[in-house]
Amino acid sequence: MDMISKEHKKEKLGFEETELRLGLPGGGGIVNGDLENSQKEKNLISCSNDSVKSPHRAQVVGWPPVQSFRKSIVAVQKRNSEEGGGAAASFVKVSMDGAPYLRKVDLNMYKSYQDLYGALGKMFSFFTMGKCDSRGMMDFMNERKLMDVLNGSDFVPTYEDKDGDWMLVGDVPWETFVGSCKRLRIMKGTEAIGLG
Amino acid sequence: MHSFHSMLNYFPEEVLEHIFDFLTSHRDRNAVSLVCKSWYAVERFSREKVFVGNCYAISPERLIARFPRVRSLTLKGKPHFADFNLVPNDWGGYVQPWIESIVRGRVNLEELRLKRMLVSDESLELLATFFPNFKSLVLVSCEGFTTDGLAAIASNCRFLRELDLQENEVEDRRGQWLSCFPDSCTSLVSLNFTCLKGEVNLASLERLVARCRNLRSLRVNNAVPLDALQRILAQAPQLVDLGTGSFVHDPDTESYNKLETSMQKCTSITSLSGFLDVSARCLPAVYPICGQLTSLNLSYAPGIYSDELVKLICYCNRLERLLVLDTIGDKGLGVVASSCKELQELRVFLSDVYGIGNTAVTEEGLVAISAGCPKLNSILYFCQQMTNEALIMVAKNCPNFIRFRLCTLNPTVPDAITMQPLDEGFGAIVKSCKDLKRLSISGLLTDQVFLYIGRYAKQLEMLSIAFAGDSDKGMLSVLNGCKKLKKLEIRDCPFGNVALLADMGKYETMRSLWMSSCEVTFGACKTLAQKMPRLNVEIINENDQIEASVDDKQKVEKMYLYRTLVGPRKDAPGFVWTL
């Protein structure tokens, strides 16, 4: 069987390694594009009408044989999770003192406090005119230093928990925080005295 | 013999009819009606349930003429490969002419079951208007209707017992169709609207459930949140079959605790499905009823990984039917094998529906299941790879397969260890499983596998083949050997005119044959159509309109042929050419 290339010798075959041949099985592999039977080319689509990002390589129509109904359900589920409206979403409002409007973050998108600060830093860097970057926030949390940002004031991330109390971010394990955080507020340091 | 024959005729017809009443299967009734003319006559007047496997094989007028007392009708439309986008939506399969004929024929229709048909709101409105005793509507993989049509059914069918919508594409018109069930409707036994995408009025749903004391099966859609489900379960602890809506909630709330309590009281639930939207943290609510489940469908649940699946499934000791995604992995299947000793049917679907990645399921999972579940008789298995050794072991462990459907991600992947074709593995399956009725094969396969199938698969009724075989010999082995073959569907195989034309009479013993991207030519299809007037040979050519003069030597892209008593259909669209 000369159509089986040496790539197949690996025990676990990834789809990328076993190139899909469109030639007739057993008749010698014919790679995409080099086909005598032009009708075979009509079986290739580039998934342009799919809502999911299509692979770079062309796919064969109807393979793998998954019901189109099932595909449509999956497309909706993917869309929901991307928009954050699905099972994994945990949106909370984030306010920053002095900013003209609030933002929302999905806490489930992040795996740690560092991740969260990275995102918050990017979101609010506009208001701090680039002086407060994500690293600054992380430095704060890591070293518990008050930082000089925006007219000499310091910023402290706080959150409101399930009981309605305002807490300092960072004391509890990340998962516990995600489960109990109802909203975030980035306070000016002058107001934060008395916390923590 | 002669005296026996006349003795039997001495029985008054009422007695014969009474005896035939015990025959429920349409196959038995078909057999009985072939015995002699008087049996044919008695049987046709007494048949109430009619099954039509291909809606174009017969016309509604002839059906009603033969079975004037028909009360329940099952119709199937598009060929199976339509599920995988190989058949254009408007190919056909309209139910409208059937309903019109049934109305004209003054039939007392009570049940209608449709699969892969095109159903319009007008059809549903006709049903609702003209059949006051209408009791049961089951639509599977249909499309063409909207929630307005459902509203008509809900409003007018006063004795409706069953409304079962499975995997249909339904346009949502936001008309509150469910609220159209009148307060006087208390007859519902089964309601399934999982496939609907839109909202329903939750208060109406709760009231409906509360007043339908005979409700046994309820499957809601994703728009029904968990707290509504809790209120519904509190009203309907008698449910036997439940399909959840959105199963997402904060577990630390009173609503969730109430759900746990209500769920515990549902001691009759044996079938559980839904979970189109689910949070793993909410699954524990289901643990109390796991031990009573015989059927569990988690195959639409996104983002539930192996560990969580296993935590649930290990409690399901009575499970007979399990549908999951490949996220369960080989290890998870190992747990299924040790926990679910009563398992009869397993389906493992692709979580990555476009098949562009890898899947965590290999031949190991299949072997584990076969070793642990001796009652296994039906499997649909998507996997990364397969080996002959594994298939041979599976064949040895489970000789009772009725349905065996395997699908490798790469359709021509060879044995993962030996690099050989998978002929021997599938050969072992057909040799061992003497009652095999349905088979789908996959992987690198030569003519040899078809030799085995023809030789051993004597009960085979449906065979699906893709990217397999070397020559016409393969297809010929199947046509010659599989005496009970009803449906054969083939794509991308090197089977051509010799195989197609070798035994033309065979196709009249079958329901249908599908061949796409094979080697058959226009000329051969024309020959077949000419010689066999009781076959419709349809060519589907989506790209160009059918031209009058087509080169006979040109290969046919898609051919679908089926036996019929009523000649070429009149509703074929432009891209379908009946030769």
# chains A, B, ... in the order shown; residues from 1 in each chain; ligands from 1
>>> interface_residues(of="chain B", to="chain A", cutoff="7 Å", atoms="only C-alpha atoms", output="mmCIF file with C-alpha atoms, in the first residue's frame")
data_model
loop_
_atom_site.group_PDB
_atom_site.id
_atom_site.type_symbol
_atom_site.label_atom_id
_atom_site.label_comp_id
_atom_site.auth_asym_id
_atom_site.auth_seq_id
_atom_site.Cartn_x
_atom_site.Cartn_y
_atom_site.Cartn_z
ATOM 1 C CA ASP B 83 -28.207 14.499 7.682
ATOM 2 C CA PHE B 84 -24.652 15.276 6.594
ATOM 3 C CA ASN B 85 -25.457 18.010 4.077
ATOM 4 C CA LEU B 86 -25.125 15.728 1.074
ATOM 5 C CA GLU B 167 -33.832 17.604 16.116
ATOM 6 C CA VAL B 248 -26.897 26.536 35.150
ATOM 7 C CA ASP B 277 -26.315 24.421 28.741
ATOM 8 C CA VAL B 278 -24.876 23.060 31.945
ATOM 9 C CA SER B 279 -22.516 23.943 34.700
ATOM 10 C CA VAL B 353 -17.964 18.511 15.337
ATOM 11 C CA TYR B 354 -15.782 19.587 12.474
ATOM 12 C CA GLY B 355 -13.255 16.904 13.269
ATOM 13 C CA GLY B 357 -8.610 18.248 16.170
ATOM 14 C CA ASN B 358 -7.947 15.035 17.961
ATOM 15 C CA LEU B 409 -11.860 10.860 12.241
ATOM 16 C CA ASN B 410 -9.671 10.219 9.263
ATOM 17 C CA ALA B 416 -2.854 2.096 14.228
ATOM 18 C CA ILE B 417 -0.357 -0.603 15.129
ATOM 19 C CA PHE B 467 -13.847 5.940 1.127
ATOM 20 C CA ALA B 468 -13.525 2.158 1.016
ATOM 21 C CA GLY B 469 -12.853 -0.679 -1.417
ATOM 22 C CA ASP B 470 -10.679 -1.144 -4.490
ATOM 23 C CA CYS B 493 -15.763 4.569 -3.374
ATOM 24 C CA PRO B 494 -14.358 3.133 -6.613
ATOM 25 C CA SER B 517 -18.638 10.470 -5.847
ATOM 26 C CA GLU B 557 -21.993 13.156 -8.800
#
>>> residues_around(residues="Ile392 in chain B", least_positions_apart="4", cutoff="7 Å", atoms="only C-alpha atoms", output="ChimeraX atom specification")
/B:388,396,425,428-429
>>> select_by_dssp(residues="range 70-316 of chain B", states="alpha helix (DSSP H)", output="PyMOL selection string")
chain B and resi 96-104+121-130+147-156+202-211+226-235+254-265+287-290+306-313
>>> select_by_dssp(residues="range 424-464 of chain B", states="strand (DSSP E or B)", output="list of chain:residue names")
B:Arg438, B:Leu439, B:Ser440, B:Met462, B:Leu463, B:Ser464
